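K.L.:
Got model_30.txt for you, compact mmCIF, C-alpha atoms:
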```txt
# COMPACT_ATOMS: atom_id res chain seq x y z
CA MET A 1 148.44 199.24 81.92
CA THR A 2 145.07 200.72 81.61
CA LYS A 3 142.18 199.54 79.60
CA GLU A 4 142.61 202.33 77.06
CA GLU A 5 146.27 201.55 76.47
CA SER A 6 145.53 197.89 75.89
CA GLU A 7 142.82 198.80 73.38
CA GLU A 8 145.24 201.08 71.55
CA ILE A 9 147.82 198.32 71.29
CA PHE A 10 145.16 195.92 70.03
CA LYS A 11 144.08 198.44 67.38
CA MET A 12 147.68 198.93 66.35
CA ASP A 13 148.10 195.18 65.85
CA GLU A 14 145.01 195.09 63.65
CA GLU A 15 146.26 197.99 61.56
CA ILE A 16 149.63 196.31 61.06
CA GLU A 17 147.95 193.16 59.83
CA GLU A 18 145.69 195.07 57.47
CA GLU A 19 148.54 197.02 55.93
CA LYS A 20 150.02 193.94 54.26
CA PRO A 21 149.27 194.19 50.56
CA LYS A 22 147.74 191.11 49.01
CA LYS A 23 148.99 189.96 45.65
CA PRO A 24 146.27 189.90 43.06
CA LYS A 25 145.62 186.48 41.55
CA LYS A 26 146.48 186.13 37.93
CA ALA A 27 143.53 185.18 35.85
CA ARG A 28 143.80 181.99 33.87
CA LYS A 29 143.35 181.90 30.19
CA PRO A 30 139.88 180.80 29.23
CA VAL A 31 139.75 177.14 28.25
CA SER A 32 137.69 176.13 25.26
CA PRO A 33 135.00 173.45 25.73
CA ALA A 34 136.80 171.12 23.33
CA THR A 35 139.97 171.36 25.43
CA LYS A 36 137.97 170.71 28.61
CA GLU A 37 136.47 167.57 27.11
CA ARG A 38 139.88 166.37 25.94
CA LEU A 39 141.38 166.91 29.42
CA LYS A 40 138.46 165.13 31.12
CA ALA A 41 138.87 162.17 28.77
CA GLN A 42 142.61 162.00 29.52
CA LEU A 43 141.94 162.15 33.24
CA ALA A 44 139.35 159.35 33.08
CA LYS A 45 141.69 157.20 30.97
CA GLY A 46 144.59 157.80 33.38
CA ARG A 47 142.48 156.88 36.40
CA ALA A 48 141.28 153.67 34.74
CA THR A 49 144.86 152.72 33.85
CA ALA A 50 146.03 153.41 37.40
CA VAL A 51 143.29 151.19 38.87
CA LYS A 52 144.17 148.42 36.43
CA ASN A 53 147.88 148.63 37.30
CA ARG A 54 147.19 148.61 41.04
CA GLN A 55 145.02 145.52 40.69
CA LYS A 56 147.68 143.79 38.63
CA ARG A 57 150.39 144.52 41.20
CA ALA A 58 148.12 143.39 44.04
CA LEU A 59 147.41 140.10 42.25
CA ALA A 60 151.12 139.55 41.61
CA LYS A 61 151.91 140.16 45.29
CA LYS A 62 149.16 137.76 46.35
CA ILE A 63 150.50 135.04 44.05
CA ASP A 64 154.05 135.58 45.33
CA ARG A 65 152.85 135.31 48.94
CA GLU A 66 150.97 132.08 48.21
CA GLU A 67 154.00 130.55 46.49
CA ALA A 68 156.23 131.56 49.37
CA GLU A 69 153.79 129.99 51.85
CA LYS A 70 153.72 126.75 49.83
CA GLU A 71 157.52 126.61 49.77
CA LEU A 72 157.64 127.26 53.50
CA ASP A 73 155.07 124.53 54.14
CA LYS A 74 157.11 122.09 52.05
CA LYS A 75 160.26 122.92 54.02
CA ILE A 76 158.43 122.43 57.30
CA ALA A 77 156.96 119.13 56.12
CA ARG A 78 160.38 117.89 55.03
CA LYS A 79 161.92 118.87 58.37
CA VAL A 80 159.13 117.39 60.49
CA LEU A 81 158.81 114.18 58.48
CA GLY A 82 162.54 113.90 57.93
CA GLU A 83 162.17 113.60 54.19
CA LYS A 84 164.69 114.65 51.62
CA PRO A 85 163.43 116.61 48.63
CA LYS A 86 162.49 114.11 45.95
CA GLU A 87 161.15 114.23 42.46
CA GLU A 88 157.48 113.73 43.08
CA HIS A 89 155.55 111.81 40.49
CA ASP A 90 152.11 113.32 40.16
CA TYR A 91 149.64 110.50 39.74
CA ARG A 92 146.72 112.86 40.29
CA SER A 93 147.16 114.58 36.92
CA GLU A 94 147.43 111.24 35.09
CA ILE A 95 144.31 109.95 36.79
CA ASP A 96 142.36 113.09 35.89
CA GLU A 97 143.49 112.89 32.26
CA LEU A 98 142.45 109.24 32.01
CA LYS A 99 139.04 109.99 33.50
CA GLU A 100 138.50 112.77 30.96
CA THR A 101 139.43 110.52 28.02
CA ILE A 102 137.12 107.80 29.33
CA LYS A 103 134.24 110.30 29.55
CA GLN A 104 134.93 111.55 26.04
CA MET A 105 135.03 108.03 24.67
CA LYS A 106 131.74 107.17 26.38
CA THR A 107 130.01 110.21 24.89
CA GLN A 108 131.41 109.42 21.43
CA GLY A 109 130.43 105.76 21.72
CA ASN A 110 133.87 104.38 20.93
CA ASN A 111 135.02 100.79 21.14
CA SER A 112 134.43 99.09 24.49
CA GLU A 113 137.82 97.31 24.29
CA GLU A 114 139.65 100.63 24.36
CA LEU A 115 137.53 101.71 27.32
CA LYS A 116 138.42 98.51 29.18
CA GLU A 117 142.13 99.11 28.53
CA LEU A 118 141.90 102.68 29.80
CA ARG A 119 140.01 101.56 32.89
CA SER A 120 142.59 98.87 33.66
CA LEU A 121 145.35 101.45 33.19
CA LEU A 122 143.49 103.78 35.58
CA VAL A 123 143.26 101.01 38.18
CA THR A 124 146.99 100.21 37.92
CA ILE A 125 147.92 103.89 38.34
CA LYS A 126 145.71 104.15 41.42
CA GLU A 127 147.37 101.04 42.86
CA GLN A 128 150.82 102.52 42.22
CA GLN A 129 149.77 105.67 43.99
CA LYS A 130 148.56 103.69 47.03
CA GLN A 131 151.79 101.70 47.15
CA LYS A 132 153.87 104.85 47.00
CA LYS A 133 151.92 106.38 49.89
CA GLU A 134 152.32 103.22 51.97
CA ILE A 135 156.06 103.15 51.33
CA GLN A 136 156.37 106.78 52.34
CA LYS A 137 154.45 106.14 55.56
CA GLU A 138 156.69 103.18 56.40
CA GLU A 139 159.85 105.23 55.75
CA VAL A 140 158.62 107.99 58.02
CA GLN A 141 157.77 105.54 60.79
CA GLU A 142 161.20 103.88 60.47
CA LYS A 143 162.98 107.22 60.66
CA ARG A 144 161.00 108.20 63.72
CA ALA A 145 161.79 104.89 65.40
CA ASP A 146 165.51 105.08 64.51
CA THR A 147 166.07 108.58 65.79
CA PRO A 148 166.75 108.59 69.53
CA ALA A 149 165.09 111.13 71.72
CA PRO A 150 167.26 114.20 72.16
CA GLU A 151 169.15 114.40 75.42
CA PRO A 152 168.14 117.21 77.71
CA ILE A 153 170.58 120.07 77.83
CA LYS A 154 172.24 120.57 81.18
CA ILE A 155 172.56 124.16 82.20
CA PRO A 156 175.29 124.71 84.77
CA GLU A 157 174.19 126.54 87.84
CA PRO A 158 176.02 129.79 88.46
CA GLU A 159 178.46 129.79 91.33
CA LYS A 160 177.21 131.56 94.38
CA PRO A 161 179.47 134.39 95.50
CA LYS A 162 181.14 134.00 98.86
CA PRO A 163 179.53 136.10 101.55
CA ILE A 164 181.46 139.18 102.53
CA LYS A 165 182.16 139.61 106.19
CA VAL A 166 181.00 142.99 107.41
CA PHE A 167 182.84 144.28 110.42
CA SER A 168 181.34 146.47 113.02
CA ARG A 169 183.31 149.29 114.60
CA ARG A 170 184.10 147.19 117.63
CA GLN A 171 185.57 144.35 115.63
CA ASN A 172 189.05 144.66 114.34
CA ARG A 173 189.69 143.57 110.81
CA ASN A 174 193.21 142.60 111.50
CA ASN A 175 192.21 139.97 114.04
CA PHE A 176 189.89 138.22 111.58
CA VAL A 177 191.36 135.22 109.84
```
Kindly return the structure encoded in the file as structure tokens.
P.N.:
Amino acid sequence: MTKEESEEIFKMDEEIEEEKPKKPKKARKPVSPATKERLKAQLAKGRATAVKNRQKRALAKKIDREEAEKELDKKIARKVLGEKPKEEHDYRSEIDELKETIKQMKTQGNNSEELKELRSLLVTIKEQQKQKKEIQKEEVQEKRADTPAPEPIKIPEPEKPKPIKVFSRRQNRNNFV
């Protein structure tokens, strides 16, 4: 192929590409400024709503993950400590409530006898909480002492295959016993 022939083929390819008619674009109807403003407002409102919804879903997922982690931690704690799920009495909330009422009564200047009663009640609740913790510790220690150490698992060794006798050409298989 000569240089001229290759140029002719190249020109022919260009002509073929140029011959394709292009479709004219249809012109859009002119949009009034009032319509443009209305559409922009709708777009801004939609974007704001989408952001709000995404944040809400993200927060819900985060809360679900945290709750799942707490449940998992409780299961692990029960398994490790050997505890059965119990109804837990929350002394912490009672103590916080009593402290708040004592503060309010101090600021209001109420009767000192009522304050003394609340303080004594607060002390008894704290003592109950300490006793409960001590009992739980003792139970855990008893359970650990009662449970024997697990026996090691014996894994049987695989049987070794018998060696196969390989005969040379000189040896006769029939003579082998």
K.L.:
Go through A:Ala68, A:Leu118, A:Ile76, A:Ile63 one by one, measure the shortest atom-to-atom distance of each to Glu94 in chain A using all atoms listed in the file, and give the residue with the smallest value.
P.N.:
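Once distances to Glu94 in chain A are computed over all atoms listed in the file, the minimum belongs to A:Leu118.
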K.L.:
From the list A:Leu59, A:Leu81, A:Pro33, A:Leu115, which residue is nearest Glu138 in chain A when using only C-alpha atoms?
P.N.:
A:Leu81
K.L.:
Tell me, in Å to one decimal, how far CA of Val123 in chain A is from CA of Glu97 in chain A.
P.N.:
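Computing the Euclidean distance for CA of Val123 in chain A and CA of Glu97 in chain A yields 13.3 Å.
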K.L.:
State, in Å with one decimal place, the distance from CA of Glu100 in chain A to CA of Glu127 in chain A.
P.N.:
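Computing the Euclidean distance for CA of Glu100 in chain A and CA of Glu127 in chain A yields 18.9 Å.
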K.L.:
What separation in Å, quoted to one decimal, exists between CA of Lys116 in chain A and CA of Gln128 in chain A?
P.N.:
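The value is 18.4 Å.
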K.L.:
Which one is closest to Ile125 in chain A: A:Lys99, A:Arg144, A:Lys106, A:Lys62? Count only C-alpha atoms.
P.N.:
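So, comparing all the options, the nearest one is A:Lys99.
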K.L.:
Pick out the closest residue to Val140 in chain A from this set: A:Lys22, A:Thr107, A:Glu114, A:Val80. Count all atoms listed in the file.
P.N.:
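Once distances to Val140 in chain A are computed over all atoms listed in the file, the minimum belongs to A:Val80.
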K.L.:
How big is the axis-aligned box around the listed atoms of range 43-48 of chain A once 4 Å is added on each side, and where is its centre? Give both in Å to one decimal, as AutoDock Vina command-line options.
P.N.:
```
--center_x 142.0 --center_y 157.9 --center_z 33.7 --size_x 13.2 --size_y 16.5 --size_z 13.4
```
